[in-house]
Structures are given as C-alpha cells and as structure tokens.
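One structure is given here, and the rest of the page talks about it.
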Amino acid sequence: MAWLLHIIIGLISGIISGMGIGGGTVLIPALSIFFKMEQQTAQNINLLYFIPTAIIAISTHAKQGNIEKKQLSPLILLGLAGAAAGSLIAVNMNAPLLRKLFGFFLLAMGAYEFFRKEKKSEGSSLHESVQ
Amino acid sequence: MGKSAKLIIGFATGFANGLFGSGGGTILVPSMEKFMKIETHKAHATALAVIFPLSVLSIFFYLRSGQLPWSEVLWISAGGVIGGFLGAKLLNKVKTPWLHKIFGLFMAVAAMKMIMG
C-alpha cells in the first residue's frame, strides 16, 4: 500500500504547485519528515517530479506566446553554472546539514507566502506552477 | 536592466535550485517582475522555460552521486501530474489570500521541524 501513499503525496504537491505555490515546498519536507528519506534523495525526486509537468506547461505557454524568448539565454547562461555549483555542493554535503539549510530556505519561503500582498487574478492555470 | 544583472539573477536561480532541489522559481519570478518589469503571467511562463534546463543539469549531478527509489518516483510523479491539473481547476474557484497564509504557516512549521532535526 506504500504506492498509494506516494500517489497521495504526489497529488497533494501537484495540487499546491498547480495553485501557484512551489510544489517542492510540500514534497521535499513530506518526503523528509514522513518518509524519512535522505535530504538529497528528497530533492532529487522533486527535481525529477518537476520534469513531466514542466514539459506540458512549457509547450502550452510557448503556443500562447507567454515565454519572453529574448530573456532566456542571459538567464540560462550563468543559470547552468549556478545549477552545477549548487548541485555539486548539495550532493557532497552531509545530509542532516543540507536538511537544516533547506529548513532555513523553507522558513524564508513560508514567511514570503504568509506576508506577500495578494495580486488580482494571481495565476490562472496549471502552467503557473513553477518549481 | 543590464545584462550583468540578468546573469547574476540566472546564477542565483540555478544555484538555489541545485542546492535545494527546488525554489528556483521563488527567486526568478519575483526578480523578473521587480527588476525586469515582466508581468506575472509571463514571468511564470518564462521562469519555467529557464528552470527546465537548469533542473535537467542538476538531475544529472544528483543521479551521478546516488541511488533513487524509482518506483516511488514514478508513483509520486503520476500523482503530481494529476494534482497539477486539479490544482489549476481549484485555483479558479478558491479564494487564495488566506490559502497562501495557511500554506505559509505550514511551511514554517515544517521548516522548524527540519531545522531542529
């Protein structure tokens, strides 16, 4: 029956990310706290989990012309360098320390969600969901 | 907005997303709105297109270093795809201001639990 629990946690995370709040903020703590997964494993699963939804969302957005194509290359250029650096640090860090660091990051994101001012018509579709 | 600033935003997004396996959008979306004056809807869409290749690269480094419970990944992802559609439908029906506050509190509680160990 463990698979049912996994579908449910995926479902909950998906609903929340579909509503415009980063799905990783639910999935990673859940995998870490309830499923006792190592922090790196939980983060890796979140990265993988993002891929299928992102493919659907990006292709829809591209058709609708929502993607600012001119902005992509400057952002991705050093983004890839940052991704390599961040990932290498993460996979080489001891898991309990990474878990604590993630906790501080999550605390900051929680405060942001709590205090942020609501905009009119915030989000409108699944395709708003960003990791 | 200068090109160097975009490069820095890109680096910070990739770094956080790689280090925490999430959260790239948390940095990128508000940065694009504030500093690059891109409207929210387009900022979300563009952020997805930026974070996608960054996540693929991060996955490469993560997978190289450790084993994964693949069947769990599949079930979780399947739930996630369905949940994404449900969430998008709900978004149009539920008033979100209080929802963000509740999620913010939940996140803070989970964060404290992770920090305290």
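Chain labels A, B, ... are given in the sequence in which chains occur in the structure tokens; within each chain residues are numbered consecutively from 1, and ligands are likewise numbered from 1 in the order shown.
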### Query
What lies within 12 Å of Phe35 of chain B using only C-alpha atoms, ignoring chain neighbours under 4 positions off, as JSON, numbers by chain?
{"B": [1, 2, 3, 5, 6, 8, 9, 27, 28, 29, 30, 31, 39, 43]}
### Task
Write out as a VMD selection string the residues lying within 6 Å of Leu11 of chain A, counting only C-alpha atoms and excluding same-chain residues fewer than 6 positions away.
chain B and resid 79 to 80 83
Just to be explicit: take each residue in the selection above, keep N, CA and C atoms, and write the result as a PDB file, in the first residue's frame.
ATOM      1  N   GLY B  79       1.009  11.014  -9.402  1.00  0.00           N
ATOM      2  CA  GLY B  79       0.120  11.812  -8.556  1.00  0.00           C
ATOM      3  C   GLY B  79       0.290  13.295  -8.834  1.00  0.00           C
ATOM      4  N   GLY B  80       1.530  13.696  -9.069  1.00  0.00           N
ATOM      5  CA  GLY B  80       1.825  15.104  -9.296  1.00  0.00           C
ATOM      6  C   GLY B  80       1.195  15.657 -10.559  1.00  0.00           C
ATOM      7  N   GLY B  83      -2.500  15.918  -9.883  1.00  0.00           N
ATOM      8  CA  GLY B  83      -2.690  17.006  -8.917  1.00  0.00           C
ATOM      9  C   GLY B  83      -2.517  18.372  -9.552  1.00  0.00           C
TER      10      GLY B  83
END
Using only C-alpha atoms, tabulate the residues of chain B lying at most 6 Å from any atom of chain A, each with its closest atom pair and that distance in Å to one decimal, by chain and increasing residue number, as CSV.
residue,atom,partner,partner_atom,distance
B:Lys6,CA,A:Leu75,CA,5.8
B:Leu7,CA,A:Leu75,CA,5.6
B:Gly10,CA,A:Leu75,CA,4.2
B:Phe11,CA,A:Gly79,CA,4.2
B:Gly14,CA,A:Ala83,CA,4.0
B:Phe15,CA,A:Gly82,CA,4.1
B:Gly18,CA,A:Ser87,CA,4.3
B:Leu19,CA,A:Gly86,CA,4.2
B:Gly21,CA,A:Gln43,CA,4.4
B:Ser22,CA,A:Gly24,CA,5.4
B:Gly23,CA,A:Gln131,CA,5.8
B:Gly25,CA,A:Val130,CA,5.5
B:Lys42,CA,A:Asn66,CA,5.0
B:His44,CA,A:Glu128,CA,5.5
B:Ala45,CA,A:Ile67,CA,5.4
B:Thr46,CA,A:Ile67,CA,4.6
B:Leu48,CA,A:Val130,CA,5.8
B:Val50,CA,A:Ile76,CA,5.8
B:Leu54,CA,A:Leu80,CA,5.5
B:Ser58,CA,A:Ser87,CA,5.6
B:Trp75,CA,A:Ile7,CA,5.1
B:Ile76,CA,A:Gly10,CA,4.2
B:Ser77,CA,A:Tyr49,CA,5.0
B:Gly79,CA,A:Leu11,CA,4.1
B:Gly80,CA,A:Gly14,CA,4.2
B:Val81,CA,A:Thr53,CA,5.9
B:Gly83,CA,A:Gly14,CA,4.1
B:Gly84,CA,A:Gly14,CA,4.3
B:Phe85,CA,A:Leu126,CA,5.9
B:Leu86,CA,A:Ile15,CA,5.8
B:Gly87,CA,A:Ile15,CA,3.8
B:Ala88,CA,A:Leu126,CA,4.3
B:Leu91,CA,A:Met19,CA,5.3
B:His100,CA,A:Glu113,CA,5.5
B:Lys101,CA,A:Phe114,CA,4.3
B:Gly104,CA,A:Gly110,CA,4.0
B:Met107,CA,A:Gly110,CA,5.0
B:Ala108,CA,A:Leu107,CA,4.9
B:Ala111,CA,A:Gly103,CA,4.3
B:Met114,CA,A:Gly103,CA,5.2
B:Ile115,CA,A:Lys100,CA,4.4
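Between atom CA of Ile102 of chain B and atom CA of Phe34 of chain A lies a distance of 19.8 Å.
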Based on DSSP run over this structure's backbone, return all residues of segment 65-109 of chain B in helix (DSSP H, G or I), as a CSV table (one decimal) with all heavy atoms, in the first residue's frame.
chain,number,residue,atom,x,y,z
B,65,SER,N,25.5,10.8,-8.2
B,65,SER,CA,26.0,10.6,-6.9
B,65,SER,C,25.2,9.6,-6.0
B,65,SER,O,25.7,9.2,-5.0
B,65,SER,CB,26.1,11.9,-6.2
B,65,SER,OG,24.9,12.3,-5.6
B,70,TRP,N,13.2,4.2,-7.7
B,70,TRP,CA,12.5,4.6,-8.9
B,70,TRP,C,11.0,4.4,-8.9
B,70,TRP,O,10.2,5.2,-9.5
B,70,TRP,CB,13.1,3.9,-10.1
B,70,TRP,CG,14.4,4.6,-10.5
B,70,TRP,CD1,15.7,4.2,-10.3
B,70,TRP,CD2,14.5,5.9,-11.2
B,70,TRP,NE1,16.5,5.1,-10.8
B,70,TRP,CE2,15.9,6.2,-11.3
B,70,TRP,CE3,13.6,6.8,-11.6
B,70,TRP,CZ2,16.3,7.4,-11.9
B,70,TRP,CZ3,14.0,8.0,-12.2
B,70,TRP,CH2,15.4,8.2,-12.3
B,71,SER,N,10.5,3.3,-8.3
B,71,SER,CA,9.1,3.0,-8.3
B,71,SER,C,8.4,4.1,-7.5
B,71,SER,O,7.3,4.6,-7.9
B,71,SER,CB,8.8,1.7,-7.8
B,71,SER,OG,9.0,1.6,-6.4
B,72,GLU,N,9.0,4.6,-6.4
B,72,GLU,CA,8.4,5.7,-5.7
B,72,GLU,C,8.4,7.0,-6.5
B,72,GLU,O,7.4,7.7,-6.5
B,72,GLU,CB,9.2,5.9,-4.4
B,72,GLU,CG,9.1,4.7,-3.5
B,72,GLU,CD,9.9,4.8,-2.2
B,72,GLU,OE1,10.3,5.9,-1.8
B,72,GLU,OE2,10.0,3.8,-1.5
B,73,VAL,N,9.4,7.2,-7.2
B,73,VAL,CA,9.5,8.4,-8.1
B,73,VAL,C,8.3,8.4,-9.1
B,73,VAL,O,7.7,9.4,-9.3
B,73,VAL,CB,10.8,8.5,-8.8
B,73,VAL,CG1,10.8,9.7,-9.8
B,73,VAL,CG2,12.0,8.6,-7.8
B,74,LEU,N,8.1,7.2,-9.7
B,74,LEU,CA,7.0,7.1,-10.7
B,74,LEU,C,5.6,7.4,-10.1
B,74,LEU,O,4.8,8.1,-10.6
B,74,LEU,CB,7.0,5.7,-11.3
B,74,LEU,CG,8.1,5.5,-12.4
B,74,LEU,CD1,8.1,4.1,-12.9
B,74,LEU,CD2,7.9,6.5,-13.5
B,75,TRP,N,5.4,6.8,-8.9
B,75,TRP,CA,4.0,7.0,-8.3
B,75,TRP,C,3.9,8.4,-7.9
B,75,TRP,O,2.8,9.0,-8.1
B,75,TRP,CB,3.9,6.1,-7.0
B,75,TRP,CG,3.7,4.6,-7.4
B,75,TRP,CD1,4.5,3.6,-6.9
B,75,TRP,CD2,2.7,4.0,-8.2
B,75,TRP,NE1,4.1,2.4,-7.4
B,75,TRP,CE2,3.0,2.6,-8.2
B,75,TRP,CE3,1.6,4.5,-8.9
B,75,TRP,CZ2,2.2,1.7,-8.9
B,75,TRP,CZ3,0.8,3.6,-9.6
B,75,TRP,CH2,1.1,2.2,-9.6
B,76,ILE,N,4.9,9.0,-7.3
B,76,ILE,CA,4.8,10.4,-6.8
B,76,ILE,C,4.6,11.3,-8.0
B,76,ILE,O,3.7,12.2,-8.0
B,76,ILE,CB,6.1,10.8,-6.1
B,76,ILE,CG1,6.1,10.1,-4.7
B,76,ILE,CG2,6.1,12.3,-5.8
B,76,ILE,CD1,7.5,10.1,-4.0
B,77,SER,N,5.3,11.0,-9.1
B,77,SER,CA,5.2,11.9,-10.3
B,77,SER,C,3.8,11.7,-11.0
B,77,SER,O,3.2,12.7,-11.4
B,77,SER,CB,6.2,11.6,-11.3
B,77,SER,OG,7.5,11.7,-10.8
B,78,ALA,N,3.3,10.5,-11.0
B,78,ALA,CA,1.9,10.3,-11.5
B,78,ALA,C,0.9,11.1,-10.7
B,78,ALA,O,0.1,11.8,-11.3
B,78,ALA,CB,1.6,8.8,-11.5
B,79,GLY,N,1.0,11.0,-9.4
B,79,GLY,CA,0.1,11.8,-8.6
B,79,GLY,C,0.3,13.3,-8.8
B,79,GLY,O,-0.7,14.0,-8.9
B,80,GLY,N,1.5,13.7,-9.1
B,80,GLY,CA,1.8,15.1,-9.3
B,80,GLY,C,1.2,15.7,-10.6
B,80,GLY,O,0.7,16.8,-10.6
B,81,VAL,N,1.2,14.9,-11.6
B,81,VAL,CA,0.7,15.3,-12.9
B,81,VAL,C,-0.9,15.5,-12.7
B,81,VAL,O,-1.4,16.6,-13.1
B,81,VAL,CB,1.0,14.4,-14.1
B,81,VAL,CG1,0.2,14.7,-15.3
B,81,VAL,CG2,2.5,14.4,-14.3
B,82,ILE,N,-1.5,14.5,-12.1
B,82,ILE,CA,-3.0,14.6,-11.9
B,82,ILE,C,-3.3,15.8,-11.0
B,82,ILE,O,-4.2,16.6,-11.2
B,82,ILE,CB,-3.5,13.3,-11.3
B,82,ILE,CG1,-3.2,12.2,-12.2
B,82,ILE,CG2,-5.0,13.5,-11.0
B,82,ILE,CD1,-3.4,10.8,-11.5
B,83,GLY,N,-2.5,15.9,-9.9
B,83,GLY,CA,-2.7,17.0,-8.9
B,83,GLY,C,-2.5,18.4,-9.6
B,83,GLY,O,-3.2,19.3,-9.2
B,84,GLY,N,-1.6,18.5,-10.5
B,84,GLY,CA,-1.3,19.8,-11.2
B,84,GLY,C,-2.6,20.2,-11.9
B,84,GLY,O,-2.9,21.4,-11.8
B,85,PHE,N,-3.3,19.3,-12.6
B,85,PHE,CA,-4.5,19.7,-13.3
B,85,PHE,C,-5.6,20.1,-12.3
B,85,PHE,O,-6.3,21.1,-12.4
B,85,PHE,CB,-5.0,18.5,-14.2
B,85,PHE,CG,-4.2,18.5,-15.4
B,85,PHE,CD1,-3.3,17.5,-15.6
B,85,PHE,CD2,-4.4,19.4,-16.4
B,85,PHE,CE1,-2.5,17.4,-16.8
B,85,PHE,CE2,-3.7,19.3,-17.6
B,85,PHE,CZ,-2.8,18.3,-17.8
B,86,LEU,N,-5.7,19.3,-11.2
B,86,LEU,CA,-6.7,19.6,-10.2
B,86,LEU,C,-6.5,20.9,-9.6
B,86,LEU,O,-7.4,21.7,-9.4
B,86,LEU,CB,-6.7,18.5,-9.1
B,86,LEU,CG,-7.3,17.1,-9.5
B,86,LEU,CD1,-7.1,16.2,-8.3
B,86,LEU,CD2,-8.7,17.2,-9.9
B,87,GLY,N,-5.2,21.2,-9.2
B,87,GLY,CA,-4.9,22.5,-8.6
B,87,GLY,C,-5.2,23.6,-9.5
B,87,GLY,O,-5.7,24.7,-9.0
B,88,ALA,N,-4.9,23.5,-10.8
B,88,ALA,CA,-5.2,24.5,-11.7
B,88,ALA,C,-6.7,24.8,-11.8
B,88,ALA,O,-7.2,26.0,-11.9
B,88,ALA,CB,-4.7,24.2,-13.1
B,89,LYS,N,-7.6,23.8,-11.7
B,89,LYS,CA,-9.0,23.9,-11.7
B,89,LYS,C,-9.5,24.6,-10.4
B,89,LYS,O,-10.3,25.5,-10.4
B,89,LYS,CB,-9.7,22.6,-11.8
B,89,LYS,CG,-9.5,21.9,-13.2
B,89,LYS,CD,-10.8,21.5,-13.8
B,89,LYS,CE,-10.6,20.8,-15.1
B,89,LYS,NZ,-10.1,21.7,-16.2
B,90,LEU,N,-8.9,24.1,-9.3
B,90,LEU,CA,-9.3,24.7,-8.0
B,90,LEU,C,-8.9,26.2,-7.9
B,90,LEU,O,-9.6,27.0,-7.3
B,90,LEU,CB,-8.5,24.0,-6.9
B,90,LEU,CG,-9.1,22.6,-6.4
B,90,LEU,CD1,-8.2,22.0,-5.4
B,90,LEU,CD2,-10.5,22.8,-5.8
B,91,LEU,N,-7.8,26.5,-8.5
B,91,LEU,CA,-7.3,27.9,-8.4
B,91,LEU,C,-8.3,28.9,-8.8
B,91,LEU,O,-8.4,30.0,-8.3
B,91,LEU,CB,-6.0,28.0,-9.3
B,91,LEU,CG,-5.3,29.4,-9.2
B,91,LEU,CD1,-4.8,29.6,-7.9
B,91,LEU,CD2,-4.2,29.5,-10.3
B,97,PRO,N,-6.1,34.3,-1.0
B,97,PRO,CA,-5.3,35.1,0.0
B,97,PRO,C,-5.1,34.3,1.3
B,97,PRO,O,-4.0,34.2,1.8
B,97,PRO,CB,-6.2,36.3,0.3
B,97,PRO,CG,-6.9,36.5,-1.0
B,97,PRO,CD,-7.2,35.1,-1.5
B,98,TRP,N,-6.1,33.8,1.9
B,98,TRP,CA,-6.0,33.0,3.1
B,98,TRP,C,-5.3,31.7,2.9
B,98,TRP,O,-4.6,31.2,3.8
B,98,TRP,CB,-7.3,32.8,3.8
B,98,TRP,CG,-8.3,32.1,2.9
B,98,TRP,CD1,-9.2,32.6,2.1
B,98,TRP,CD2,-8.5,30.7,2.8
B,98,TRP,NE1,-9.9,31.7,1.4
B,98,TRP,CE2,-9.5,30.4,1.9
B,98,TRP,CE3,-7.9,29.6,3.5
B,98,TRP,CZ2,-10.0,29.2,1.6
B,98,TRP,CZ3,-8.4,28.3,3.1
B,98,TRP,CH2,-9.4,28.1,2.2
B,99,LEU,N,-5.4,31.2,1.7
B,99,LEU,CA,-4.7,29.9,1.4
B,99,LEU,C,-3.2,30.1,1.5
B,99,LEU,O,-2.5,29.3,2.0
B,99,LEU,CB,-5.1,29.5,0.0
B,99,LEU,CG,-5.3,28.0,-0.3
B,99,LEU,CD1,-6.3,27.4,0.7
B,99,LEU,CD2,-5.7,27.8,-1.7
B,100,HIS,N,-2.7,31.2,0.9
B,100,HIS,CA,-1.3,31.5,1.0
B,100,HIS,C,-0.8,31.6,2.4
B,100,HIS,O,0.3,31.2,2.8
B,100,HIS,CB,-1.0,32.7,0.2
B,100,HIS,CG,-0.9,32.5,-1.3
B,100,HIS,ND1,0.1,31.9,-1.9
B,100,HIS,CD2,-1.9,32.7,-2.2
B,100,HIS,CE1,-0.1,31.8,-3.2
B,100,HIS,NE2,-1.4,32.2,-3.4
B,101,LYS,N,-1.7,32.2,3.3
B,101,LYS,CA,-1.3,32.4,4.7
B,101,LYS,C,-1.2,31.0,5.4
B,101,LYS,O,-0.3,30.7,6.1
B,101,LYS,CB,-2.3,33.3,5.4
B,101,LYS,CG,-2.3,34.7,4.9
B,101,LYS,CD,-2.3,35.7,6.0
B,101,LYS,CE,-2.4,37.1,5.5
B,101,LYS,NZ,-1.2,37.6,4.8
B,102,ILE,N,-2.2,30.2,5.1
B,102,ILE,CA,-2.2,28.8,5.7
B,102,ILE,C,-1.0,28.0,5.2
B,102,ILE,O,-0.3,27.4,6.1
B,102,ILE,CB,-3.5,28.1,5.4
B,102,ILE,CG1,-4.7,28.8,6.0
B,102,ILE,CG2,-3.4,26.6,5.8
B,102,ILE,CD1,-6.0,28.2,5.6
B,103,PHE,N,-0.7,28.1,3.9
B,103,PHE,CA,0.5,27.3,3.4
B,103,PHE,C,1.8,27.9,4.0
B,103,PHE,O,2.7,27.2,4.4
B,103,PHE,CB,0.6,27.4,1.9
B,103,PHE,CG,-0.4,26.5,1.2
B,103,PHE,CD1,-1.2,26.9,0.1
B,103,PHE,CD2,-0.6,25.2,1.7
B,103,PHE,CE1,-2.1,26.1,-0.5
B,103,PHE,CE2,-1.5,24.4,1.0
B,103,PHE,CZ,-2.2,24.8,0.0
B,104,GLY,N,1.8,29.2,4.2
B,104,GLY,CA,3.0,29.9,4.7
B,104,GLY,C,3.2,29.3,6.1
B,104,GLY,O,4.4,29.0,6.5
B,105,LEU,N,2.2,29.2,6.9
B,105,LEU,CA,2.3,28.7,8.3
B,105,LEU,C,2.8,27.2,8.3
B,105,LEU,O,3.7,26.9,9.0
B,105,LEU,CB,0.9,28.8,9.0
B,105,LEU,CG,0.6,30.2,9.5
B,105,LEU,CD1,-0.8,30.2,10.2
B,105,LEU,CD2,1.6,30.7,10.5
B,106,PHE,N,2.1,26.4,7.4
B,106,PHE,CA,2.5,25.0,7.3
B,106,PHE,C,4.0,24.9,7.0
B,106,PHE,O,4.8,24.1,7.5
B,106,PHE,CB,1.7,24.3,6.2
B,106,PHE,CG,0.5,23.6,6.8
B,106,PHE,CD1,-0.8,24.1,6.5
B,106,PHE,CD2,0.6,22.5,7.6
B,106,PHE,CE1,-1.9,23.4,6.9
B,106,PHE,CE2,-0.5,21.9,8.1
B,106,PHE,CZ,-1.8,22.3,7.8
B,107,MET,N,4.4,25.7,6.0
B,107,MET,CA,5.8,25.7,5.6
B,107,MET,C,6.7,26.1,6.8
B,107,MET,O,7.8,25.4,7.0
B,107,MET,CB,6.1,26.7,4.4
B,107,MET,CG,5.5,26.1,3.1
B,107,MET,SD,5.1,27.4,1.9
B,107,MET,CE,6.7,27.9,1.4
B,108,ALA,N,6.3,27.0,7.6
B,108,ALA,CA,7.2,27.5,8.7
B,108,ALA,C,7.3,26.3,9.7
B,108,ALA,O,8.4,26.1,10.3
B,108,ALA,CB,6.6,28.7,9.3
B,109,VAL,N,6.1,25.6,10.0
B,109,VAL,CA,6.2,24.5,10.9
B,109,VAL,C,7.1,23.4,10.4
B,109,VAL,O,7.9,22.9,11.2
B,109,VAL,CB,4.7,24.0,11.2
B,109,VAL,CG1,4.8,22.7,12.0
B,109,VAL,CG2,3.9,25.0,11.9
### Task
Give me, please, the distance in Å between atom CA of Thr40 of chain B and atom CA of Thr13 of chain B, quoted to one decimal.
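Separation between atom CA of Thr40 of chain B and atom CA of Thr13 of chain B: 17.1 Å.
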